Protein chains: 2
Amino acid sequence: MKQGKRIKGVLAPVVTPFNTDLSPDPERFIAHCRWLLSQHCGLAAFGTNSEANSLSINERMALLDALAAADLDTSRMMPGTGCCALTDSVRLTEHAVKLGCAGVLMLPPFYYKGVSDDGLYRNFAEIIERVGDARLRIYLYHIPPVAVIGISPSLVERLLKAYPTAIAGMKDSSGNWNNTKTMLDAFAKSGFDVFAGSESFLLANMRNGGAGCISATANVNPAAIDKLYREWRDGNADEQQAALNVVRDAFGKKYTMIPALKQAVAHFGGDPQWATVRPPLDSLTKAQAASLIAELKQIGFTMPGLKEMRAHKAAA
Amino acid sequence: MKQGKRIKGVLAPVVTPFNTDLSPDPERFIAHCRWLLSQHCGLAAFGTNSEANSLSINERMALLDALAAADLDTSRMMPGTGCCALTDSVRLTEHAVKLGCAGVLMLPPFYYKGVSDDGLYRNFAEIIERVGDARLRIYLYHIPPVAVIGISPSLVERLLKAYPTAIAGMKDSSGNWNNTKTMLDAFAKSGFDVFAGSESFLLANMRNGGAGCISATANVNPAAIDKLYREWRDGNADEQQAALNVVRDAFGKKYTMIPALKQAVAHFGGDPQWATVRPPLDSLTKAQAASLIAELKQIGFTMPGLKEMRAHKAAA
């Protein structure tokens, strides 16, 4: 990570491939990450859509090590490092900083409910103090539909005041544009980078001073999302946004997002193993998988170059 | 653990003591566990009230090792071992079984919301298969107010059918007696041990075929709760239940349970360090602490023998 030059644009919460025994598969992971980088998509590995919370700390560290060992550019990475246990968050965050990651995407501790902003503040402050590295850039992860515990504007304000360098931005996955707008209006001008949690809000986010988006469907549609990120000032931006929405809806409206993304990677990459998810998630049924793929073909969806980049096959 | 002889009665989700640097303190932990055992209270270490989800896997394993190394009776222990990540649940569960614990209290994976009973079934089934030890006894942990993800009767039925020995019972912390009654009516006769998640339901649970309770306030009021467990058939059982409720209400009605429990242990054990909680939880304010202690004194509450058992002091 270079100080002063922050990561921006489009990032994917990279889906995590599993072997038949449900162990993570570093080779397939590296191959998918390479493909995403080739599409100008950054790597928010270990996000919600990565099934990160279904992975142990050691499994996450090993996968990140595998990316670094394969010479993937860590300055394009923002791995998720926020855990329920303070000590786990510190360990993962330290590891990411040492590997030169651009930043970390940090969930609040999410088991205990009804906790105070004071308690959440102390969690983040302890992590920053314990990591104690000037290179640390934290992107607060607000996703109340899943984590239940969220990040309020007053918490952001307090953290920014105490740690103006370490607190670099946030991902807003509330699904509520008004919340994203509130964050943008309050903090974007001071250099706080707000990423929309879905490309559905990418254009609106860019028009209001946002930094990009970190979105599930960037795993499958990265080039088109990146194009809108680069061309949001162009006359056809609204049309581009509408086209992105069609693809997103094909995944998320009728299907559970994570298995649907993996089904698409499996199909368009010609690698059925990719459809595997870890419990407690379910794969799509055969009927669901077939109708998803049929619907994607109907809207002309493809994943160009994916098959060619199946390095795990090439290496075998 | 002895096969055929299941753990029953009253257990405490043992509160976890922290040093000033927020590291867990094994000496204070051992001392509190010794006191609980001396009050005939079993040890459901690493429950919700233990701040277990604020501890890393290694921290939990080290604390359990410390109890075993101090020769505390593992056949009186039911540590919490259910994590978001399957591999973590397996690791903790294996460790508990190897140490001879009576059973394990198992949360469902709680990050992903809206998951199916199929997905939860596969989570528990994978854990049982991977641990692969005939001594394993799982107590399913139903606590939707905190974990959000719960354990439905149909999931219990399916698990019991597939794993009648490993699935030994449940803790119902729904706070909803109708749910406990449903579980009792459906499964208690077949030897499935239902523990109420609070002593408020202890008498009702025993009258309907339950196995006891695993309750926050067993950390501070174990002898009286155990007395009702042993004497629930006696004529004064309703009076005993009413007296237990007064104590529970003194903790839980006006104060957040975990810091209130720790405040009481700190006060009645004469050891202020015990009041420390890990983020994201907050300790009671000074004013809250003072009024809690005043109210406890007013109802004649004490913790007999606690001060005398402060082994960490004696050892120093």
# chains A, B, ... in the order shown; residues from 1 in each chain; ligands from 1

$ interface_residues --of "chain A" --to "chain B" --cutoff "6 Å" --atoms "only C-alpha atoms" --output "MDAnalysis selection string"
chainID A and resid 53:56 84:85 88 113 119:120 123 146 279:282

$ write_last_selection --atoms "N, CA and C atoms" --output "PDB file, in the first residue's frame"
ATOM      1  N   ASN A  53     -17.065 -15.771   6.954  1.00  0.00           N
ATOM      2  CA  ASN A  53     -17.397 -16.119   8.329  1.00  0.00           C
ATOM      3  C   ASN A  53     -17.626 -17.613   8.494  1.00  0.00           C
ATOM      4  N   SER A  54     -17.560 -18.349   7.411  1.00  0.00           N
ATOM      5  CA  SER A  54     -17.575 -19.813   7.496  1.00  0.00           C
ATOM      6  C   SER A  54     -16.165 -20.380   7.417  1.00  0.00           C
ATOM      7  N   LEU A  55     -15.158 -19.504   7.449  1.00  0.00           N
ATOM      8  CA  LEU A  55     -13.749 -19.920   7.399  1.00  0.00           C
ATOM      9  C   LEU A  55     -13.085 -19.604   8.738  1.00  0.00           C
ATOM     10  N   SER A  56     -12.178 -20.461   9.155  1.00  0.00           N
ATOM     11  CA  SER A  56     -11.415 -20.156  10.367  1.00  0.00           C
ATOM     12  C   SER A  56     -10.392 -19.062  10.053  1.00  0.00           C
ATOM     13  N   CYS A  84     -15.715 -11.441  15.583  1.00  0.00           N
ATOM     14  CA  CYS A  84     -16.380 -11.256  16.874  1.00  0.00           C
ATOM     15  C   CYS A  84     -15.363 -11.021  17.980  1.00  0.00           C
ATOM     16  N   ALA A  85     -14.220 -11.696  17.881  1.00  0.00           N
ATOM     17  CA  ALA A  85     -13.207 -11.601  18.938  1.00  0.00           C
ATOM     18  C   ALA A  85     -12.143 -10.581  18.543  1.00  0.00           C
ATOM     19  N   ASP A  88      -8.879 -11.926  17.344  1.00  0.00           N
ATOM     20  CA  ASP A  88      -8.886 -12.433  15.966  1.00  0.00           C
ATOM     21  C   ASP A  88      -8.786 -11.278  14.969  1.00  0.00           C
ATOM     22  N   LYS A 113     -25.753  -8.526  20.699  1.00  0.00           N
ATOM     23  CA  LYS A 113     -26.674  -7.554  20.122  1.00  0.00           C
ATOM     24  C   LYS A 113     -26.949  -6.448  21.141  1.00  0.00           C
ATOM     25  N   GLY A 119     -18.992   0.785  23.086  1.00  0.00           N
ATOM     26  CA  GLY A 119     -18.377  -0.540  23.018  1.00  0.00           C
ATOM     27  C   GLY A 119     -17.761  -0.809  21.647  1.00  0.00           C
ATOM     28  N   LEU A 120     -18.481  -0.391  20.596  1.00  0.00           N
ATOM     29  CA  LEU A 120     -17.952  -0.587  19.237  1.00  0.00           C
ATOM     30  C   LEU A 120     -16.730   0.303  19.016  1.00  0.00           C
ATOM     31  N   ASN A 123     -13.812  -1.303  20.523  1.00  0.00           N
ATOM     32  CA  ASN A 123     -13.353  -2.435  19.697  1.00  0.00           C
ATOM     33  C   ASN A 123     -12.416  -1.951  18.587  1.00  0.00           C
ATOM     34  N   VAL A 146     -27.229  -8.490   7.636  1.00  0.00           N
ATOM     35  CA  VAL A 146     -26.576  -9.759   7.971  1.00  0.00           C
ATOM     36  C   VAL A 146     -25.929  -9.692   9.362  1.00  0.00           C
ATOM     37  N   PRO A 279     -21.592 -25.437   4.603  1.00  0.00           N
ATOM     38  CA  PRO A 279     -22.718 -25.206   5.511  1.00  0.00           C
ATOM     39  C   PRO A 279     -22.420 -23.978   6.386  1.00  0.00           C
ATOM     40  N   PRO A 280     -23.418 -23.174   6.732  1.00  0.00           N
ATOM     41  CA  PRO A 280     -24.852 -23.448   6.648  1.00  0.00           C
ATOM     42  C   PRO A 280     -25.490 -23.077   5.308  1.00  0.00           C
ATOM     43  N   LEU A 281     -24.719 -22.708   4.299  1.00  0.00           N
ATOM     44  CA  LEU A 281     -25.337 -22.344   3.030  1.00  0.00           C
ATOM     45  C   LEU A 281     -25.666 -23.592   2.216  1.00  0.00           C
ATOM     46  N   ASP A 282     -26.646 -23.430   1.327  1.00  0.00           N
ATOM     47  CA  ASP A 282     -27.028 -24.501   0.407  1.00  0.00           C
ATOM     48  C   ASP A 282     -26.631 -24.099  -1.005  1.00  0.00           C
TER      49      ASP A 282
END

$ residues_around --residues "B:Pro17" --least-positions-apart "5" --cutoff "6 Å" --atoms "only C-alpha atoms" --output "PyMOL selection string"
chain B and resi 24-25+274

$ select_by_dssp --residues "stretch 76-192 of chain B" --states "strand (DSSP E or B)" --output "list in words"
Met77, Gly80, Val104, Leu105, Met106, Ile138, Tyr139, Leu140, Tyr141, His142, Ile167, Ala168, Gly169, Met170, Lys171 and Asp172 of chain B

$ write_last_selection --atoms "C-alpha atoms" --output "PDB file, in the first residue's frame"
ATOM      1  CA  MET B  77     -18.346 -29.377  32.056  1.00  0.00           C
ATOM      2  CA  GLY B  80     -19.629 -23.946  24.223  1.00  0.00           C
ATOM      3  CA  VAL B 104     -20.691 -29.487  24.415  1.00  0.00           C
ATOM      4  CA  LEU B 105     -23.152 -26.634  24.056  1.00  0.00           C
ATOM      5  CA  MET B 106     -23.388 -25.860  20.372  1.00  0.00           C
ATOM      6  CA  ILE B 138     -24.115 -32.284  21.812  1.00  0.00           C
ATOM      7  CA  TYR B 139     -26.536 -29.900  23.461  1.00  0.00           C
ATOM      8  CA  LEU B 140     -28.058 -27.685  20.776  1.00  0.00           C
ATOM      9  CA  TYR B 141     -28.058 -24.040  21.767  1.00  0.00           C
ATOM     10  CA  HIS B 142     -31.221 -22.150  20.838  1.00  0.00           C
ATOM     11  CA  ILE B 167     -27.592 -35.333  19.977  1.00  0.00           C
ATOM     12  CA  ALA B 168     -28.143 -35.341  23.723  1.00  0.00           C
ATOM     13  CA  GLY B 169     -30.301 -32.312  24.391  1.00  0.00           C
ATOM     14  CA  MET B 170     -30.622 -28.594  24.109  1.00  0.00           C
ATOM     15  CA  LYS B 171     -30.487 -25.306  25.945  1.00  0.00           C
ATOM     16  CA  ASP B 172     -33.511 -23.170  25.187  1.00  0.00           C
TER      17      ASP B 172
END

$ residues_around --residues "A:Arg76" --least-positions-apart "4" --cutoff "9 Å" --atoms "only C-alpha atoms" --output "JSON, numbers by chain"
{"A": [1, 7, 11, 37, 41, 42, 43, 44, 72, 101, 102, 103]}

$ residues_around --residues "A:Leu202" --least-positions-apart "2" --cutoff "8 Å" --atoms "only C-alpha atoms" --output "PyMOL selection string"
chain A and resi 196+198-200+204-206+212-213+228-229+241

$ write_last_selection --atoms "C-alpha atoms" --output "short mmCIF file (atom, residue, chain, number, x, y, z; two decimals), in the first residue's frame"
data_model
loop_
_atom_site.label_atom_id
_atom_site.label_comp_id
_atom_site.auth_asym_id
_atom_site.auth_seq_id
_atom_site.Cartn_x
_atom_site.Cartn_y
_atom_site.Cartn_z
CA ALA A 196 -21.58 1.35 -2.13
CA SER A 198 -23.92 -2.96 -4.48
CA GLU A 199 -23.39 -1.67 -8.01
CA SER A 200 -27.09 -0.74 -8.00
CA ALA A 204 -25.58 7.58 -7.40
CA ASN A 205 -22.57 7.02 -5.18
CA MET A 206 -20.13 8.47 -7.73
CA GLY A 212 -16.71 3.08 -5.98
CA CYS A 213 -18.45 -0.11 -4.97
CA LEU A 228 -19.43 2.56 -15.32
CA TYR A 229 -17.01 3.44 -12.52
CA GLN A 241 -26.43 1.60 -14.72
#

$ residues_around --residues "A:Phe251" --least-positions-apart "2" --cutoff "8 Å" --atoms "only C-alpha atoms" --output "JSON, numbers by chain"
{"A": [217, 247, 248, 249, 253, 254, 255, 256, 257, 260, 261, 292]}

$ select_by_dssp --residues "stretch 45-282 of chain B" --states "helix (DSSP H, G or I)" --output "PyMOL selection string"
chain B and resi 48-50+52-54+57-69+74-76+86-98+117-131+144-147+153-162+177-190+199-207+216-219+222-231+237-252+257-268+272-275

$ write_last_selection --atoms "C-alpha atoms" --output "compact mmCIF listing (two decimals), in the first residue's frame"
# COMPACT_ATOMS: atom_id res chain seq x y z
CA THR B 48 -23.05 -16.31 25.73
CA ASN B 49 -22.60 -14.90 29.23
CA SER B 50 -18.97 -16.01 29.15
CA ALA B 52 -17.12 -16.65 24.53
CA ASN B 53 -17.73 -15.09 21.16
CA SER B 54 -15.34 -12.32 22.13
CA ILE B 57 -10.51 -20.32 19.50
CA ASN B 58 -7.01 -20.53 20.96
CA GLU B 59 -8.03 -18.46 23.97
CA ARG B 60 -10.96 -20.79 24.65
CA MET B 61 -8.81 -23.90 24.27
CA ALA B 62 -6.17 -22.50 26.62
CA LEU B 63 -8.78 -21.71 29.28
CA LEU B 64 -10.27 -25.19 29.05
CA ASP B 65 -6.79 -26.70 29.27
CA ALA B 66 -6.19 -24.60 32.38
CA LEU B 67 -9.28 -26.04 34.07
CA ALA B 68 -8.25 -29.59 33.24
CA ALA B 69 -4.66 -28.95 34.35
CA THR B 74 -14.36 -32.26 33.25
CA SER B 75 -17.37 -34.57 33.66
CA ARG B 76 -19.11 -31.50 35.13
CA LEU B 86 -17.41 -25.44 10.65
CA THR B 87 -13.69 -26.06 11.05
CA ASP B 88 -13.59 -24.03 14.28
CA SER B 89 -16.57 -25.92 15.71
CA VAL B 90 -14.86 -29.22 14.90
CA ARG B 91 -11.58 -28.15 16.49
CA LEU B 92 -13.18 -26.92 19.74
CA THR B 93 -15.50 -29.90 19.97
CA GLU B 94 -12.71 -32.45 19.47
CA HIS B 95 -10.73 -30.69 22.17
CA ALA B 96 -13.62 -30.82 24.65
CA VAL B 97 -14.30 -34.50 23.97
CA LYS B 98 -10.63 -35.40 24.39
CA ASP B 117 -32.72 -26.13 8.19
CA ASP B 118 -30.99 -28.23 5.52
CA GLY B 119 -27.91 -26.04 5.79
CA LEU B 120 -27.97 -26.16 9.59
CA TYR B 121 -28.47 -29.90 9.52
CA ARG B 122 -25.40 -30.32 7.33
CA ASN B 123 -23.40 -28.10 9.69
CA PHE B 124 -24.16 -30.26 12.73
CA ALA B 125 -23.89 -33.52 10.79
CA GLU B 126 -20.45 -32.56 9.44
CA ILE B 127 -19.25 -31.72 12.95
CA ILE B 128 -20.48 -35.05 14.34
CA GLU B 129 -18.94 -37.03 11.47
CA ARG B 130 -15.64 -35.18 11.60
CA VAL B 131 -15.26 -35.44 15.37
CA PRO B 144 -32.51 -16.47 18.80
CA PRO B 145 -32.50 -13.14 20.72
CA VAL B 146 -28.70 -13.09 20.30
CA ALA B 147 -27.70 -15.58 17.61
CA PRO B 153 -38.24 -28.62 16.34
CA SER B 154 -38.03 -30.19 12.89
CA LEU B 155 -34.26 -29.72 12.86
CA VAL B 156 -34.01 -31.40 16.27
CA GLU B 157 -36.16 -34.26 15.03
CA ARG B 158 -34.02 -34.81 11.95
CA LEU B 159 -30.75 -34.65 13.91
CA LEU B 160 -32.05 -37.00 16.62
CA LYS B 161 -33.11 -39.52 14.01
CA ALA B 162 -29.68 -39.52 12.35
CA TRP B 177 -41.79 -21.01 27.61
CA ASN B 178 -44.06 -22.24 24.82
CA ASN B 179 -41.01 -23.13 22.79
CA THR B 180 -39.43 -25.00 25.69
CA LYS B 181 -42.71 -26.85 26.24
CA THR B 182 -42.86 -27.81 22.57
CA MET B 183 -39.36 -29.27 22.75
CA LEU B 184 -40.14 -31.11 26.01
CA ASP B 185 -43.38 -32.57 24.67
CA ALA B 186 -41.78 -33.68 21.44
CA PHE B 187 -38.43 -35.04 22.58
CA ALA B 188 -37.96 -35.35 26.37
CA LYS B 189 -39.45 -38.84 26.60
CA SER B 190 -36.91 -40.21 24.15
CA GLU B 199 -33.80 -20.38 36.18
CA SER B 200 -37.05 -18.43 35.75
CA PHE B 201 -38.27 -21.52 33.90
CA LEU B 202 -36.55 -24.10 36.09
CA LEU B 203 -39.60 -25.29 38.01
CA ALA B 204 -41.81 -25.40 34.94
CA ASN B 205 -39.07 -27.22 33.05
CA MET B 206 -38.66 -29.86 35.78
CA ARG B 207 -42.41 -30.37 36.06
CA ALA B 216 -26.43 -16.58 33.61
CA THR B 217 -27.34 -15.99 37.24
CA ALA B 218 -26.06 -19.45 38.21
CA ASN B 219 -22.72 -17.60 38.21
CA PRO B 222 -25.80 -21.26 42.21
CA ALA B 223 -26.70 -22.86 45.56
CA ALA B 224 -30.28 -21.58 45.64
CA ILE B 225 -30.88 -22.58 42.02
CA ASP B 226 -29.42 -26.02 42.67
CA LYS B 227 -31.64 -26.36 45.75
CA LEU B 228 -34.77 -25.88 43.66
CA TYR B 229 -33.41 -28.32 41.08
CA ARG B 230 -33.12 -30.95 43.82
CA GLU B 231 -36.35 -30.07 45.61
CA ALA B 237 -41.02 -25.24 45.26
CA ASP B 238 -43.14 -22.31 44.10
CA GLU B 239 -41.77 -20.17 46.93
CA GLN B 240 -38.23 -21.17 45.99
CA GLN B 241 -38.93 -20.28 42.38
CA ALA B 242 -40.29 -16.87 43.43
CA ALA B 243 -37.18 -16.20 45.50
CA LEU B 244 -34.92 -17.10 42.56
CA ASN B 245 -36.86 -14.71 40.37
CA VAL B 246 -36.26 -11.83 42.76
CA VAL B 247 -32.50 -12.32 42.49
CA ARG B 248 -32.59 -12.73 38.73
CA ASP B 249 -34.66 -9.59 38.31
CA ALA B 250 -32.21 -7.63 40.46
CA PHE B 251 -29.54 -8.40 37.86
CA GLY B 252 -31.38 -8.50 34.60
CA MET B 257 -26.58 -9.06 32.46
CA ILE B 258 -22.90 -9.76 31.73
CA PRO B 259 -21.35 -6.64 33.31
CA ALA B 260 -23.82 -6.90 36.19
CA LEU B 261 -22.75 -10.49 36.93
CA LYS B 262 -19.11 -9.48 36.79
CA GLN B 263 -19.74 -6.53 39.05
CA ALA B 264 -21.28 -8.84 41.62
CA VAL B 265 -18.37 -11.27 41.43
CA ALA B 266 -15.98 -8.31 41.79
CA HIS B 267 -17.84 -6.93 44.79
CA PHE B 268 -18.66 -10.07 46.72
CA PRO B 272 -12.36 -5.24 41.38
CA GLN B 273 -10.49 -6.65 38.37
CA TRP B 274 -13.42 -9.00 37.80
CA ALA B 275 -15.55 -6.09 36.54

$ residues_around --residues "A:Leu306" --least-positions-apart "2" --cutoff "10 Å" --atoms "only C-alpha atoms" --output "PyMOL selection string"
chain A and resi 31-32+34-36+38+220+265+268-270+302-304+308-311

$ atom_distance --atom1 "atom CA of B:Val15" --atom2 "atom CA of B:Asp271"
14.1 Å

$ decode --residues "stretch 238-315 of chain A" --atoms "C-alpha atoms" --output "PDB file, in the first residue's frame"
ATOM      1  CA  ASP A 238     -27.764   5.945 -16.792  1.00  0.00           C
ATOM      2  CA  GLU A 239     -28.018   3.328 -19.543  1.00  0.00           C
ATOM      3  CA  GLN A 240     -24.928   1.596 -18.201  1.00  0.00           C
ATOM      4  CA  GLN A 241     -26.430   1.596 -14.719  1.00  0.00           C
ATOM      5  CA  ALA A 242     -29.669   0.126 -16.039  1.00  0.00           C
ATOM      6  CA  ALA A 243     -27.747  -2.650 -17.813  1.00  0.00           C
ATOM      7  CA  LEU A 244     -25.839  -3.478 -14.612  1.00  0.00           C
ATOM      8  CA  ASN A 245     -29.117  -3.698 -12.731  1.00  0.00           C
ATOM      9  CA  VAL A 246     -30.471  -6.263 -15.173  1.00  0.00           C
ATOM     10  CA  VAL A 247     -27.528  -8.563 -14.495  1.00  0.00           C
ATOM     11  CA  ARG A 248     -27.697  -8.058 -10.745  1.00  0.00           C
ATOM     12  CA  ASP A 249     -31.400  -8.790 -10.678  1.00  0.00           C
ATOM     13  CA  ALA A 250     -30.842 -11.994 -12.650  1.00  0.00           C
ATOM     14  CA  PHE A 251     -28.701 -13.224  -9.772  1.00  0.00           C
ATOM     15  CA  GLY A 252     -30.255 -11.703  -6.715  1.00  0.00           C
ATOM     16  CA  LYS A 253     -33.965 -11.415  -7.305  1.00  0.00           C
ATOM     17  CA  LYS A 254     -34.857 -15.098  -7.503  1.00  0.00           C
ATOM     18  CA  TYR A 255     -31.784 -16.863  -6.158  1.00  0.00           C
ATOM     19  CA  THR A 256     -29.655 -16.761  -3.041  1.00  0.00           C
ATOM     20  CA  MET A 257     -26.696 -14.637  -4.052  1.00  0.00           C
ATOM     21  CA  ILE A 258     -23.701 -16.696  -2.927  1.00  0.00           C
ATOM     22  CA  PRO A 259     -24.654 -20.070  -4.465  1.00  0.00           C
ATOM     23  CA  ALA A 260     -25.903 -18.254  -7.581  1.00  0.00           C
ATOM     24  CA  LEU A 261     -22.541 -16.498  -8.055  1.00  0.00           C
ATOM     25  CA  LYS A 262     -20.702 -19.781  -7.579  1.00  0.00           C
ATOM     26  CA  GLN A 263     -23.020 -21.527 -10.026  1.00  0.00           C
ATOM     27  CA  ALA A 264     -22.195 -18.905 -12.641  1.00  0.00           C
ATOM     28  CA  VAL A 265     -18.448 -19.236 -12.032  1.00  0.00           C
ATOM     29  CA  ALA A 266     -18.845 -23.025 -12.267  1.00  0.00           C
ATOM     30  CA  HIS A 267     -20.808 -22.826 -15.505  1.00  0.00           C
ATOM     31  CA  PHE A 268     -18.977 -20.092 -17.385  1.00  0.00           C
ATOM     32  CA  GLY A 269     -15.604 -21.350 -16.174  1.00  0.00           C
ATOM     33  CA  GLY A 270     -16.478 -24.952 -17.074  1.00  0.00           C
ATOM     34  CA  ASP A 271     -15.614 -26.148 -13.573  1.00  0.00           C
ATOM     35  CA  PRO A 272     -18.523 -27.729 -11.633  1.00  0.00           C
ATOM     36  CA  GLN A 273     -16.511 -27.940  -8.387  1.00  0.00           C
ATOM     37  CA  TRP A 274     -16.961 -24.191  -8.015  1.00  0.00           C
ATOM     38  CA  ALA A 275     -20.648 -24.678  -7.115  1.00  0.00           C
ATOM     39  CA  THR A 276     -19.716 -26.057  -3.686  1.00  0.00           C
ATOM     40  CA  VAL A 277     -20.658 -23.966  -0.632  1.00  0.00           C
ATOM     41  CA  ARG A 278     -19.934 -24.604   3.021  1.00  0.00           C
ATOM     42  CA  PRO A 279     -22.718 -25.206   5.511  1.00  0.00           C
ATOM     43  CA  PRO A 280     -24.852 -23.448   6.648  1.00  0.00           C
ATOM     44  CA  LEU A 281     -25.337 -22.344   3.030  1.00  0.00           C
ATOM     45  CA  ASP A 282     -27.028 -24.501   0.407  1.00  0.00           C
ATOM     46  CA  SER A 283     -26.044 -24.844  -3.238  1.00  0.00           C
ATOM     47  CA  LEU A 284     -28.741 -24.092  -5.778  1.00  0.00           C
ATOM     48  CA  THR A 285     -30.898 -27.065  -6.667  1.00  0.00           C
ATOM     49  CA  LYS A 286     -30.347 -28.532 -10.121  1.00  0.00           C
ATOM     50  CA  ALA A 287     -33.541 -26.903 -11.324  1.00  0.00           C
ATOM     51  CA  GLN A 288     -32.507 -23.518  -9.910  1.00  0.00           C
ATOM     52  CA  ALA A 289     -29.052 -23.824 -11.427  1.00  0.00           C
ATOM     53  CA  ALA A 290     -30.516 -24.625 -14.841  1.00  0.00           C
ATOM     54  CA  SER A 291     -32.977 -21.742 -14.784  1.00  0.00           C
ATOM     55  CA  LEU A 292     -30.329 -19.277 -13.554  1.00  0.00           C
ATOM     56  CA  ILE A 293     -28.003 -20.194 -16.414  1.00  0.00           C
ATOM     57  CA  ALA A 294     -30.860 -20.077 -18.938  1.00  0.00           C
ATOM     58  CA  GLU A 295     -31.868 -16.623 -17.716  1.00  0.00           C
ATOM     59  CA  LEU A 296     -28.279 -15.383 -17.824  1.00  0.00           C
ATOM     60  CA  LYS A 297     -27.915 -16.612 -21.416  1.00  0.00           C
ATOM     61  CA  GLN A 298     -31.170 -14.942 -22.312  1.00  0.00           C
ATOM     62  CA  ILE A 299     -29.825 -11.543 -21.248  1.00  0.00           C
ATOM     63  CA  GLY A 300     -26.579 -12.201 -23.139  1.00  0.00           C
ATOM     64  CA  PHE A 301     -24.473 -12.538 -19.993  1.00  0.00           C
ATOM     65  CA  THR A 302     -20.974 -13.980 -20.333  1.00  0.00           C
ATOM     66  CA  MET A 303     -17.760 -14.096 -18.304  1.00  0.00           C
ATOM     67  CA  PRO A 304     -15.114 -13.378 -20.944  1.00  0.00           C
ATOM     68  CA  GLY A 305     -11.688 -14.896 -20.386  1.00  0.00           C
ATOM     69  CA  LEU A 306     -12.700 -16.874 -17.303  1.00  0.00           C
ATOM     70  CA  LYS A 307     -12.184 -20.327 -18.804  1.00  0.00           C
ATOM     71  CA  GLU A 308      -8.800 -19.339 -20.208  1.00  0.00           C
ATOM     72  CA  MET A 309      -7.584 -18.247 -16.786  1.00  0.00           C
ATOM     73  CA  ARG A 310      -8.258 -21.507 -15.037  1.00  0.00           C
ATOM     74  CA  ALA A 311      -4.690 -21.687 -13.840  1.00  0.00           C
ATOM     75  CA  HIS A 312      -5.397 -24.606 -11.534  1.00  0.00           C
ATOM     76  CA  LYS A 313      -6.207 -26.676 -14.622  1.00  0.00           C
ATOM     77  CA  ALA A 314      -3.240 -25.412 -16.590  1.00  0.00           C
ATOM     78  CA  ALA A 315      -0.950 -26.206 -13.674  1.00  0.00           C
TER      79      ALA A 315
END
